[in-house]
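Asks: Next up, protein_23.pdb (PDB, C-alpha atoms, pLDDT in the B column).
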```pdb
ATOM      1  CA  MET A 275       0.000   0.000   0.000  1.00 92.00           C
ATOM      2  CA  VAL A 276       1.252   3.433  -0.948  1.00 94.00           C
ATOM      3  CA  ILE A 277      -0.058   6.464   0.949  1.00 95.00           C
ATOM      4  CA  ILE A 278       0.602   9.857  -0.603  1.00 96.00           C
ATOM      5  CA  SER A 279      -0.597  13.441  -0.420  1.00 95.00           C
ATOM      6  CA  SER A 280      -2.829  14.959  -3.076  1.00 94.00           C
ATOM      7  CA  ARG A 281       0.052  17.269  -4.011  1.00 94.00           C
ATOM      8  CA  GLU A 282       2.393  14.344  -4.566  1.00 96.00           C
ATOM      9  CA  PHE A 283      -0.286  12.602  -6.646  1.00 96.00           C
ATOM     10  CA  ARG A 284      -0.698  15.667  -8.866  1.00 95.00           C
ATOM     11  CA  GLU A 285       3.065  15.820  -9.420  1.00 96.00           C
ATOM     12  CA  LYS A 286       3.443  12.111 -10.276  1.00 96.00           C
ATOM     13  CA  GLN A 287       0.031  10.948 -11.536  1.00 96.00           C
ATOM     14  CA  ALA A 288       1.348   8.589 -14.215  1.00 96.00           C
ATOM     15  CA  GLU A 289       3.713   6.897 -11.769  1.00 96.00           C
ATOM     16  CA  TYR A 290       0.927   6.185  -9.259  1.00 96.00           C
ATOM     17  CA  MET A 291      -1.520   5.070 -11.930  1.00 95.00           C
ATOM     18  CA  ASN A 292       1.089   2.642 -13.216  1.00 96.00           C
ATOM     19  CA  LEU A 293       1.505   1.279  -9.688  1.00 96.00           C
ATOM     20  CA  ALA A 294      -2.281   0.838  -9.419  1.00 95.00           C
ATOM     21  CA  ASP A 295      -2.285  -0.928 -12.798  1.00 94.00           C
ATOM     22  CA  ASN A 296       0.229  -3.370 -11.326  1.00 94.00           C
ATOM     23  CA  GLY A 297      -1.965  -4.158  -8.317  1.00 92.00           C
ATOM     24  CA  GLU A 298      -0.613  -1.677  -5.789  1.00 94.00           C
ATOM     25  CA  GLN A 299      -3.192  -0.019  -3.533  1.00 95.00           C
ATOM     26  CA  ILE A 300      -2.838   3.757  -3.752  1.00 96.00           C
ATOM     27  CA  ILE A 301      -4.327   5.955  -1.024  1.00 96.00           C
ATOM     28  CA  ILE A 302      -4.347   9.731  -1.521  1.00 97.00           C
ATOM     29  CA  HIS A 303      -4.757  11.900   1.563  1.00 95.00           C
ATOM     30  CA  ARG A 304      -6.428  15.259   1.100  1.00 93.00           C
ATOM     31  CA  GLY A 305      -6.530  17.461   4.147  1.00 89.00           C
ATOM     32  CA  LYS A 306      -6.900  15.950   7.613  1.00 86.00           C
ATOM     33  CA  ASN A 307     -10.022  13.823   7.244  1.00 91.00           C
ATOM     34  CA  LYS A 308     -10.281  12.898   3.571  1.00 94.00           C
ATOM     35  CA  ALA A 309      -8.712  10.018   1.679  1.00 96.00           C
ATOM     36  CA  TYR A 310      -9.275   8.454  -1.745  1.00 96.00           C
ATOM     37  CA  SER A 311      -8.285   5.156  -3.290  1.00 95.00           C
ATOM     38  CA  ILE A 312      -7.024   4.817  -6.866  1.00 94.00           C
ATOM     39  CA  THR A 313      -8.304   1.670  -8.546  1.00 89.00           C
ATOM     40  CA  PRO A 314      -8.112   0.808 -12.235  1.00 89.00           C
ATOM     41  CA  VAL A 315     -11.453   0.267 -13.964  1.00 84.00           C
ATOM     42  CA  LEU A 316     -11.344  -2.939 -15.954  1.00 80.00           C
ATOM     43  CA  LYS A 317     -13.486  -4.013 -18.891  1.00 75.00           C
ATOM     44  CA  ASP A 318     -15.500  -6.289 -16.591  1.00 75.00           C
ATOM     45  CA  ASP A 319     -16.178  -3.406 -14.161  1.00 74.00           C
ATOM     46  CA  LEU A 320     -19.132  -2.027 -16.075  1.00 69.00           C
ATOM     47  CA  TYR A 321     -21.347   0.100 -13.904  1.00 76.00           C
ATOM     48  CA  PHE A 322     -24.381  -0.743 -16.027  1.00 80.00           C
ATOM     49  CA  SER A 323     -24.616  -4.368 -17.022  1.00 81.00           C
ATOM     50  CA  PRO A 324     -26.437  -5.262 -20.237  1.00 85.00           C
ATOM     51  CA  GLN A 325     -29.256  -6.677 -18.088  1.00 89.00           C
ATOM     52  CA  LEU A 326     -29.622  -3.419 -16.167  1.00 89.00           C
ATOM     53  CA  LEU A 327     -29.591  -1.383 -19.386  1.00 89.00           C
ATOM     54  CA  GLU A 328     -32.375  -3.577 -20.778  1.00 93.00           C
ATOM     55  CA  LYS A 329     -34.455  -3.051 -17.619  1.00 94.00           C
ATOM     56  CA  ILE A 330     -33.955   0.707 -17.949  1.00 93.00           C
ATOM     57  CA  ARG A 331     -35.007   0.650 -21.620  1.00 94.00           C
ATOM     58  CA  LYS A 332     -38.130  -1.379 -20.745  1.00 96.00           C
ATOM     59  CA  ALA A 333     -39.039   0.971 -17.894  1.00 95.00           C
ATOM     60  CA  LEU A 334     -38.701   3.996 -20.201  1.00 95.00           C
ATOM     61  CA  LYS A 335     -40.874   2.319 -22.842  1.00 96.00           C
ATOM     62  CA  ASP A 336     -43.494   1.399 -20.230  1.00 95.00           C
ATOM     63  CA  ALA A 337     -43.536   4.988 -18.969  1.00 94.00           C
ATOM     64  CA  GLU A 338     -43.945   6.350 -22.513  1.00 95.00           C
ATOM     65  CA  GLU A 339     -46.890   3.964 -23.026  1.00 96.00           C
ATOM     66  CA  GLY A 340     -48.496   5.033 -19.757  1.00 94.00           C
ATOM     67  CA  LYS A 341     -47.879   1.681 -18.070  1.00 94.00           C
ATOM     68  CA  VAL A 342     -47.097   3.242 -14.715  1.00 92.00           C
ATOM     69  CA  THR A 343     -48.537   3.314 -11.230  1.00 90.00           C
ATOM     70  CA  ARG A 344     -49.029   6.778  -9.802  1.00 90.00           C
ATOM     71  CA  VAL A 345     -48.789   7.159  -6.046  1.00 93.00           C
ATOM     72  CA  SER A 346     -49.562  10.350  -4.169  1.00 94.00           C
ATOM     73  CA  GLY A 347     -48.726  10.850  -0.527  1.00 93.00           C
ATOM     74  CA  LYS A 348     -46.891   8.839   2.083  1.00 94.00           C
ATOM     75  CA  PRO A 349     -49.767   6.516   3.102  1.00 93.00           C
ATOM     76  CA  ALA A 350     -50.392   5.550  -0.530  1.00 92.00           C
ATOM     77  CA  LEU A 351     -46.676   4.971  -1.067  1.00 93.00           C
ATOM     78  CA  GLU A 352     -46.429   2.753   2.000  1.00 92.00           C
ATOM     79  CA  GLN A 353     -49.480   0.772   0.841  1.00 92.00           C
ATOM     80  CA  PHE A 354     -47.971   0.379  -2.636  1.00 91.00           C
ATOM     81  CA  LEU A 355     -44.633  -0.786  -1.270  1.00 92.00           C
ATOM     82  CA  ASP A 356     -46.277  -3.217   1.161  1.00 92.00           C
ATOM     83  CA  ALA A 357     -48.087  -4.830  -1.775  1.00 90.00           C
ATOM     84  CA  LEU A 358     -44.828  -5.597  -3.599  1.00 85.00           C
TER
END
```
Take the structure I supplied and represent it as structure tokens, if you would.
Replies:
Amino acid sequence: MVIISSREFREKQAEYMNLADNGEQIIIHRGKNKAYSITPVLKDDLYFSPQLLEKIRKALKDAEEGKVTRVSGKPALEQFLDAL
């Protein structure tokens, strides 16, 4: 694990990214109470899987076609959620 300051990271970004690419854990301290981790994003690290994208497309289509349930107010929302 490598722990560096944000200033040092700015000065040597490529060096620390290369270390992260090679499996090293990079922690960047910023101020007294903030820290960040540098992690490479790999091809398999998709934030939206194909399945999730398909669900989103279907939900948008359903909404366009009016296939939605409208809920107004907290009691109605709680009743709707309880029925799920």
Asks: One number please: CA of Ile277 in chain A to CA of Ala309 in chain A, in Å, one decimal.
Replies: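 CA of Ile277 in chain A sits 9.4 Å away from CA of Ala309 in chain A.
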Asks: Mind listing as a ChimeraX atom specification all residues within 12 Å of (-4.1, 5.8, -2.9), counting all atoms listed in the file?
Replies: /A:275-280,282-283,287,289-294,297-304,308-314
Asks: Calculate how many Å separate CA of Gln325 in chain A from CA of Leu355 in chain A, rounding to one decimal.
Replies: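 Separation of CA of Gln325 in chain A and CA of Leu355 in chain A: 23.5 Å.
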